[in-house]
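Right, one structure below, let's go through it.
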Amino acid sequence: MHDAAFATDPHQVYDRLREHAPAGPVELAPGVDATLVVEHEMALRVLQNTELFARDARRWKALNEGRIGMDSPVLPMMAYRPSCLFTDGAVHLRLRKAVVDSLARLNTTRIRRDVEPIADYLIDQFSERGRADLLGDYAKLLPLLLFNKLFGCPADIGDTVTTAVSAIFDGKDALRANEELTASLMELIALKRRSPGDDVTSWLIQHPAGLTDEELKDQLVLLMGAGIEPERSLISSSLMLLLSGAGGRQSGMLIEEALDHVLWNQTPIANYATHYPVQDVDLGGHVAEANTPVVISFAGANADPALDEARRAHSKGAHLAWGAGPHACPAKDPAQVIATTAIERLLNALPDLTLTVAEKDLQWRPGPFHRALVALPVTFTPTPATRTAAALRDRAAAAGAQPMPAAVSEPVRQEPARRKGFWSSFLDVFRV
C-alpha cells in the first residue's frame, strides 16, 4: 500500500482482498504488516466494538519487539500519543469531551467569516498570473492559515506551525519539524494560559476536564493532523470533480454534491483508524492476531458492493468517510463548511477555471493512509489582485472608519530585512 501502483489505483487492492474475506493482510510500509478491513459491515463491527478492539498503540507487538524501525514513515501516524485518537475507556471519554465541547463553540457564521479573508488573500497571490496549482497555492495553504486563526496563533508562532506542519505532511525532515511543532504549541499554550482569547486553544485550556500542557499539546496536534490534511484533499478533489468534464459545472453539479461524491469515492482519509485486537480474532475468514494493527479502509468500505444503492443515491448516512463509533470524527460539520466556503470563494472569483491536464492524467501522492492529489494545475483569465482590499474596505465601512487605501490591494511585499511566513504576512494585511 506504499507504492505508486497503489496510489494510482487503490481499489484494485480493496477488490482483491474482498474476493477472499472482509479483511486481509497488507503491507503499510516496508516491513510494517497489518490487516485491512474492506467490507462495510465488518468495518462497523470493528469501529463499534471497544471491548475486543483497542486504539492504544502501545499494544503494537511488532513495535514493542523492535521489529519496526523508529524511522518508519508510518510511525508518525501510528505511534501512541496521549490524545483521544489513541486512548480508550475513561481517558478517551475525558479527552474527547474536551475536544468535542471546544469544537462545538465554532458556529457556521464564524467559520465562514474566518475562511473568506484567507481565501481572498490566497487568491490575490496568484490571480494576476492566469495560472495556478490549486493544491499548492490554495487548498494546501487555506486550512493551515485557518487553523492558525482558530487556535489563536500570534504571528511568530503561526509561522512556525505553518512551516512545521507542511514539512511533516510532505515528509521533509519530519523529526526536526515535529520538534519545532511541539515547541511552538507549548509556547502557544503558555501564552493562552496567561492571556486567553476567543479561540480553540483557550477553550481547551478552560475546559472542566483540566487538561495538562502535554495533553493540550497532543489534542492540538490531533486536530491539526485530522483536520488539515483531509481538508486540503476534500477541497482539491472536489475542485477536480467540479472542473472535470465528468462532473463539471456544465452538468450543474452543486458544491455540496461534489463534496459528497468525494467523500464516497475519493475518501480523503482512505485507510486509518488503527485498532489492536486484545485477542486473536477471526474477521470473516482472516485471523488478526492479538496486538497487531487492524486498519479500517474507509475507501474500501465505501466501495463495498453491498452499498451500491446507497452510493448511487449519495446517501450521506451510509459512507464511512467520517468514521463511526466512539472515535468518529467530531468535526464533520465544520469541515464541510470550510470546504464549501473555500470552493465558493474561488469559483466566484475565477469563474473560468480550466484544468490544464485531463483528470485521468492527474497524479496521486503515494501513501497508505490518504487519497491526495500531487497537484491541480489550472488556467484562467488573469484578474486584478483586489479582493483583499475590497474586504478591508467593507470592514472599515461597517466599522464607520476611513476606507483603506487602494494600495492595500497589492499582494503583500516581504520586508527585505525580515523574512516572513504566510501567516505573519496575512496578519500584516488584516491588522489582527
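Residues in the C-alpha cells are numbered from 1 in each chain, the chains being A, B, ... in the order shown, and ligands are numbered from 1 in the order shown.
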Quick one: contact table of range 284-401 of chain A to range 218-241 of chain A, 10 Å max, nearest atom pair and distance in Å to one decimal per residue, counting only C-alpha atoms, chain and number order, as a Markdown table?
| residue | atom | partner | partner_atom | distance |
| --- | --- | --- | --- | --- |
| A:Cys329 | CA | A:Ala226 | CA | 8.5 |
| A:Pro330 | CA | A:Leu223 | CA | 9.9 |
| A:Ala331 | CA | A:Gly227 | CA | 8.1 |
| A:Lys332 | CA | A:Gly227 | CA | 9.8 |
| A:Pro334 | CA | A:Gly227 | CA | 9.8 |
| A:Ala335 | CA | A:Glu231 | CA | 6.7 |
| A:Gln336 | CA | A:Glu231 | CA | 8.6 |
| A:Ile338 | CA | A:Glu231 | CA | 8.0 |
| A:Ala339 | CA | A:Ile235 | CA | 5.4 |
| A:Thr340 | CA | A:Ile235 | CA | 8.0 |
| A:Thr341 | CA | A:Ile235 | CA | 9.8 |
| A:Ala342 | CA | A:Ile235 | CA | 7.4 |
| A:Ile343 | CA | A:Ile235 | CA | 6.8 |
| A:Leu346 | CA | A:Leu239 | CA | 9.5 |
| A:Leu347 | CA | A:Leu239 | CA | 9.1 |
| A:Leu353 | CA | A:Leu239 | CA | 9.8 |
| A:Thr354 | CA | A:Met240 | CA | 9.8 |
| A:Leu355 | CA | A:Met240 | CA | 7.9 |
| A:Ala358 | CA | A:Met240 | CA | 10.0 |
| A:Glu359 | CA | A:Met240 | CA | 7.3 |
| A:Leu362 | CA | A:Met240 | CA | 9.3 |
| A:His370 | CA | A:Pro230 | CA | 7.8 |
| A:Arg371 | CA | A:Ser233 | CA | 7.2 |
| A:Ala372 | CA | A:Ser233 | CA | 5.4 |
| A:Leu373 | CA | A:Ser233 | CA | 7.1 |
| A:Val374 | CA | A:Ser233 | CA | 9.9 |
| A:Ala375 | CA | A:Ser236 | CA | 8.7 |
| A:Leu376 | CA | A:Ser236 | CA | 7.2 |
| A:Pro377 | CA | A:Met240 | CA | 9.6 |
| A:Val378 | CA | A:Met240 | CA | 9.8 |
Would you mind exporting N, CA and C atoms of the selected residues as a PDB file, in the first residue's frame?
ATOM      1  N   CYS A 329     -15.290  11.108  13.687  1.00  0.00           N
ATOM      2  CA  CYS A 329     -14.792  12.480  13.572  1.00  0.00           C
ATOM      3  C   CYS A 329     -15.741  13.464  14.254  1.00  0.00           C
ATOM      4  N   PRO A 330     -15.247  14.291  15.181  1.00  0.00           N
ATOM      5  CA  PRO A 330     -16.117  15.253  15.862  1.00  0.00           C
ATOM      6  C   PRO A 330     -16.265  16.572  15.112  1.00  0.00           C
ATOM      7  N   ALA A 331     -15.588  16.699  13.967  1.00  0.00           N
ATOM      8  CA  ALA A 331     -15.571  17.981  13.251  1.00  0.00           C
ATOM      9  C   ALA A 331     -16.182  17.874  11.860  1.00  0.00           C
ATOM     10  N   LYS A 332     -17.124  16.967  11.689  1.00  0.00           N
ATOM     11  CA  LYS A 332     -17.719  16.742  10.373  1.00  0.00           C
ATOM     12  C   LYS A 332     -18.367  18.010   9.828  1.00  0.00           C
ATOM     13  N   PRO A 334     -18.028  21.370  10.742  1.00  0.00           N
ATOM     14  CA  PRO A 334     -17.075  22.442  10.407  1.00  0.00           C
ATOM     15  C   PRO A 334     -16.247  22.140   9.165  1.00  0.00           C
ATOM     16  N   ALA A 335     -15.837  20.880   8.995  1.00  0.00           N
ATOM     17  CA  ALA A 335     -15.005  20.519   7.836  1.00  0.00           C
ATOM     18  C   ALA A 335     -15.742  20.784   6.535  1.00  0.00           C
ATOM     19  N   GLN A 336     -17.037  20.494   6.499  1.00  0.00           N
ATOM     20  CA  GLN A 336     -17.808  20.700   5.278  1.00  0.00           C
ATOM     21  C   GLN A 336     -18.063  22.183   5.028  1.00  0.00           C
ATOM     22  N   ILE A 338     -16.023  24.614   5.911  1.00  0.00           N
ATOM     23  CA  ILE A 338     -14.742  25.146   5.441  1.00  0.00           C
ATOM     24  C   ILE A 338     -14.563  24.867   3.955  1.00  0.00           C
ATOM     25  N   ALA A 339     -14.778  23.610   3.555  1.00  0.00           N
ATOM     26  CA  ALA A 339     -14.583  23.230   2.154  1.00  0.00           C
ATOM     27  C   ALA A 339     -15.558  23.965   1.241  1.00  0.00           C
ATOM     28  N   THR A 340     -16.821  24.019   1.634  1.00  0.00           N
ATOM     29  CA  THR A 340     -17.829  24.699   0.816  1.00  0.00           C
ATOM     30  C   THR A 340     -17.489  26.165   0.628  1.00  0.00           C
ATOM     31  N   THR A 341     -17.128  26.839   1.707  1.00  0.00           N
ATOM     32  CA  THR A 341     -16.805  28.265   1.639  1.00  0.00           C
ATOM     33  C   THR A 341     -15.570  28.509   0.780  1.00  0.00           C
ATOM     34  N   ALA A 342     -14.545  27.670   0.963  1.00  0.00           N
ATOM     35  CA  ALA A 342     -13.310  27.834   0.181  1.00  0.00           C
ATOM     36  C   ALA A 342     -13.570  27.660  -1.307  1.00  0.00           C
ATOM     37  N   ILE A 343     -14.365  26.670  -1.666  1.00  0.00           N
ATOM     38  CA  ILE A 343     -14.641  26.411  -3.081  1.00  0.00           C
ATOM     39  C   ILE A 343     -15.530  27.506  -3.663  1.00  0.00           C
ATOM     40  N   LEU A 346     -13.482  30.656  -4.371  1.00  0.00           N
ATOM     41  CA  LEU A 346     -12.592  30.509  -5.517  1.00  0.00           C
ATOM     42  C   LEU A 346     -13.359  30.547  -6.828  1.00  0.00           C
ATOM     43  N   LEU A 347     -14.444  29.788  -6.928  1.00  0.00           N
ATOM     44  CA  LEU A 347     -15.201  29.735  -8.181  1.00  0.00           C
ATOM     45  C   LEU A 347     -15.861  31.066  -8.504  1.00  0.00           C
ATOM     46  N   LEU A 353     -12.081  28.922 -14.477  1.00  0.00           N
ATOM     47  CA  LEU A 353     -11.009  27.974 -14.160  1.00  0.00           C
ATOM     48  C   LEU A 353     -11.092  26.759 -15.075  1.00  0.00           C
ATOM     49  N   THR A 354      -9.937  26.349 -15.611  1.00  0.00           N
ATOM     50  CA  THR A 354      -9.885  25.206 -16.512  1.00  0.00           C
ATOM     51  C   THR A 354      -8.676  24.338 -16.167  1.00  0.00           C
ATOM     52  N   LEU A 355      -8.902  23.036 -16.019  1.00  0.00           N
ATOM     53  CA  LEU A 355      -7.789  22.127 -15.771  1.00  0.00           C
ATOM     54  C   LEU A 355      -6.835  22.144 -16.963  1.00  0.00           C
ATOM     55  N   ALA A 358      -5.797  16.494 -18.349  1.00  0.00           N
ATOM     56  CA  ALA A 358      -7.001  15.680 -18.219  1.00  0.00           C
ATOM     57  C   ALA A 358      -7.060  15.058 -16.823  1.00  0.00           C
ATOM     58  N   GLU A 359      -8.275  14.870 -16.328  1.00  0.00           N
ATOM     59  CA  GLU A 359      -8.443  14.304 -14.996  1.00  0.00           C
ATOM     60  C   GLU A 359      -7.701  12.973 -14.852  1.00  0.00           C
ATOM     61  N   LEU A 362      -3.964  13.294 -13.886  1.00  0.00           N
ATOM     62  CA  LEU A 362      -3.549  13.852 -12.606  1.00  0.00           C
ATOM     63  C   LEU A 362      -2.904  12.764 -11.752  1.00  0.00           C
ATOM     64  N   HIS A 370      -3.829   8.115   2.902  1.00  0.00           N
ATOM     65  CA  HIS A 370      -4.588   9.216   2.303  1.00  0.00           C
ATOM     66  C   HIS A 370      -4.933   8.940   0.840  1.00  0.00           C
ATOM     67  N   ARG A 371      -5.862   9.731   0.331  1.00  0.00           N
ATOM     68  CA  ARG A 371      -6.135   9.825  -1.102  1.00  0.00           C
ATOM     69  C   ARG A 371      -5.957  11.290  -1.431  1.00  0.00           C
ATOM     70  N   ALA A 372      -4.784  11.631  -1.968  1.00  0.00           N
ATOM     71  CA  ALA A 372      -4.407  13.036  -2.080  1.00  0.00           C
ATOM     72  C   ALA A 372      -3.715  13.299  -3.407  1.00  0.00           C
ATOM     73  N   LEU A 373      -4.139  14.347  -4.073  1.00  0.00           N
ATOM     74  CA  LEU A 373      -3.519  14.755  -5.335  1.00  0.00           C
ATOM     75  C   LEU A 373      -2.112  15.301  -5.103  1.00  0.00           C
ATOM     76  N   VAL A 374      -1.272  15.159  -6.129  1.00  0.00           N
ATOM     77  CA  VAL A 374       0.053  15.772  -6.106  1.00  0.00           C
ATOM     78  C   VAL A 374      -0.054  17.249  -6.468  1.00  0.00           C
ATOM     79  N   ALA A 375      -0.892  17.568  -7.443  1.00  0.00           N
ATOM     80  CA  ALA A 375      -1.072  18.951  -7.891  1.00  0.00           C
ATOM     81  C   ALA A 375      -2.402  19.045  -8.636  1.00  0.00           C
ATOM     82  N   LEU A 376      -2.905  20.267  -8.772  1.00  0.00           N
ATOM     83  CA  LEU A 376      -4.142  20.516  -9.517  1.00  0.00           C
ATOM     84  C   LEU A 376      -3.936  21.778 -10.361  1.00  0.00           C
ATOM     85  N   PRO A 377      -3.223  21.646 -11.494  1.00  0.00           N
ATOM     86  CA  PRO A 377      -2.892  22.822 -12.313  1.00  0.00           C
ATOM     87  C   PRO A 377      -4.088  23.329 -13.108  1.00  0.00           C
ATOM     88  N   VAL A 378      -4.259  24.642 -13.124  1.00  0.00           N
ATOM     89  CA  VAL A 378      -5.368  25.271 -13.844  1.00  0.00           C
ATOM     90  C   VAL A 378      -4.889  26.541 -14.532  1.00  0.00           C
TER      91      VAL A 378
END
Apply DSSP to the structure's backbone, then extract all residues of range 65-302 of chain A labelled strand (DSSP E) and return them as a list in words.
->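 Written out, the strand (DSSP E) residues of range 65-302 of chain A are Arg131, Ala132, Asp133, Asn271, Tyr272, Ala273, Thr274, His275, Tyr276, Pro277, Val281, Asp282, Leu283, His286, Val287, Ala288, Val294, Val295, Ile296 and Ser297 of chain A.
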Do you have the CA of Gly24 in chain A-CA of Phe169 in chain A distance handy?
->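 That distance, rounded to one decimal, is 27.3 Å.
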For His92 in chain A, which residue among A:Arg105, A:Arg55, A:His275, A:Arg312 is the nearest when counting only C-alpha atoms?
-> A:Arg55
A:His319, A:Lys149, A:Arg193, A:His207: which is nearest Ala43 in chain A, counting only C-alpha atoms?
-> A:His319
Given only C-alpha atoms as the counted atoms, nearest of A:Glu344, A:Thr162, A:Gly421, A:Gln279 to Arg112 in chain A =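 For Arg112 in chain A, the nearest of the candidates is A:Glu344.
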Choose the residue, out of A:Ala98, A:Ala5, A:Leu181, A:Val32, that has the smallest atom-to-atom separation from Arg67 in chain A; count only C-alpha atoms.
->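 Smallest distance to Arg67 in chain A is found for A:Val32.
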Where does range 34-73 of chain A meet range 297-311 of chain A within 6 Å, residue by residue, with the nearest atom pair and distance in Å to one decimal for each, counting only C-alpha atoms, listed by chain and rising number, as CSV?
residue,atom,partner,partner_atom,distance
A:Val37,CA,A:Ser297,CA,5.6
A:Val38,CA,A:Gly300,CA,4.6
A:Glu39,CA,A:Ala301,CA,4.8
A:His40,CA,A:Ala301,CA,4.3
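Between CA of Asp333 in chain A and CA of Thr108 in chain A there is a distance of 8.6 Å.
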Selection: 12 Å around Glu180 in chain A, only C-alpha atoms, excl. self and same-chain fewer than 2 positions, as a PyMOL selection string = chain A and resi 157-168+173-178+182-187
